[in-house]
Every structure is written in structure tokens, then in C-alpha cells.
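The structure appears below as C-alpha cells.
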Amino acid sequence: MSRLIRKRTRQAFTLLEVLIVVAIIGALAVFVVPNFINTEAKAKSKLADAAIKSGLGAIDRYRIDMGYYPRSEDGGLRALIEKPSDEQEAKKWAGPYVGAEGLKDPWGNDYIYEYPGRYNEGGYDLSSPGPDGQPGNDDDITNWKVD
């Protein structure tokens, strides 16, 4: 009779193989994770900058319909989502011009709006306090330039 020769199959990884795989994954994480974190921050800044440079788009549509920019003393940007109480003004209003979430920057802070503008004479000032949520420092995103 012939004997059956069985091949011995390998059923586990060696400790060295596991350590090599863990080292490779760790090295990849060191390079990849910081890039993902930085990408999100840059994307939020670019999104806020685009919204501000376009005047949220809605501000200009409001001006076309109403004949003037939303006034700071009348609630500012809230005029984009709330129908005026005055009957004559309410007839011209074609809003809402933006959803309530459109009045907040990508970090969840309210956009800062001022009309008439201090920096844009004859227009409006629009800004985001940026990632730190504090207006008046270097990370603010604005529709004006200060020399």
C-alpha cells in the first residue's frame, strides 16, 4: 500500500510578519491622516471665502427685488429669510433668498454683515470670524482688504 503524504499547510502568520504589517500601516497613517485633517480645514476656508466673495449670492438678489441691500438696523441678513412686515415691502419680496443654514459659515458661526459698510463704501461688509469663531483676528474671512 501506498502512503498518503500530506503537505503541511501554514495556518498562522509569524510574529515578524505581523510586526512588519503594523509598521507599514503606522507609517502610512503618519503621512495620510494629517493630510486629511488639513484638507478639511482648507475646504471650509475656501467655502467661506467663496460664499463671502459672492455676497452669499442672495444679498444681490434681494437688492434687485427690493431696490436696496438688507439694512443692519432691520435685522441684517435675517431679511433674506424673513418676509417684511410692511405690506408694500412684502409685495416686492421674493424670498426666502437662502435657507437659515446659509446664514452660517462652515464652522457654524453667523456671518457678520454690515450695511452700509465701513470698508466697502456704498456697499456692504460681509465676513466670517473663521475657524476660531472670534472676529477681528488674522483668520477672519472678509469681502474687503485692509492694507
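Residues in the C-alpha cells are named by chain (A, B, ... in the order shown) and by number from 1 within that chain; ligands are numbered from 1 in the order shown.
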
Handout entry: Ala51 in chain A surroundings by only C-alpha atoms, 10 Å radius, close-in-sequence under 4 positions cut, as a ChimeraX atom specification
Key = /A:45-47,55-58,102,105-106,111,126-128,143

Exercise for the section: For Asn109 in chain A, list every protein, DNA or RNA residue within 9 Å, evaluated using only C-alpha atoms, and leave out those in the same chain fewer than 5 positions away; present the list as a ChimeraX atom specification. Expected result: /A:103-104,128-131,133

Practice task
Give the alpha helix (DSSP H) residues of range 16-140 of chain A, as DSSP finds them on the backbone, and put them as a PyMOL selection string.
Solution key: chain A and resi 16-53+58-66+87-92

Practice task
Counting only C-alpha atoms, figure out which residue out of A:Val18, A:Ala29, A:Met66, A:Leu77 gets nearest to Trp93 in chain A.
Solution key: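 Looking only at the distances to Trp93 in chain A, the closest residue turns out to be A:Met66.
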
Exercise for the section: Using only C-alpha atoms, find the one residue out of A:Tyr124, A:Glu73, A:Gln134, A:Asp86 that sits nearest to Lys53 in chain A. Expected result: A:Tyr124

Name the residues of range 20-121 of chain A that fall into strand (DSSP E or B) according to DSSP on the backbone, using the chain letters and numbers of this document, as a PDB file with C-alpha atoms, in the first residue's frame.
```
ATOM      1  CA  LYS A 104     -23.895  80.452   8.971  1.00  0.00           C
ATOM      2  CA  ASP A 110     -23.129  83.560  11.944  1.00  0.00           C
ATOM      3  CA  ILE A 112     -21.145  89.190  10.130  1.00  0.00           C
ATOM      4  CA  TYR A 113     -22.982  91.677   7.926  1.00  0.00           C
ATOM      5  CA  GLU A 114     -22.943  95.461   7.994  1.00  0.00           C
TER       6      GLU A 114
END
```
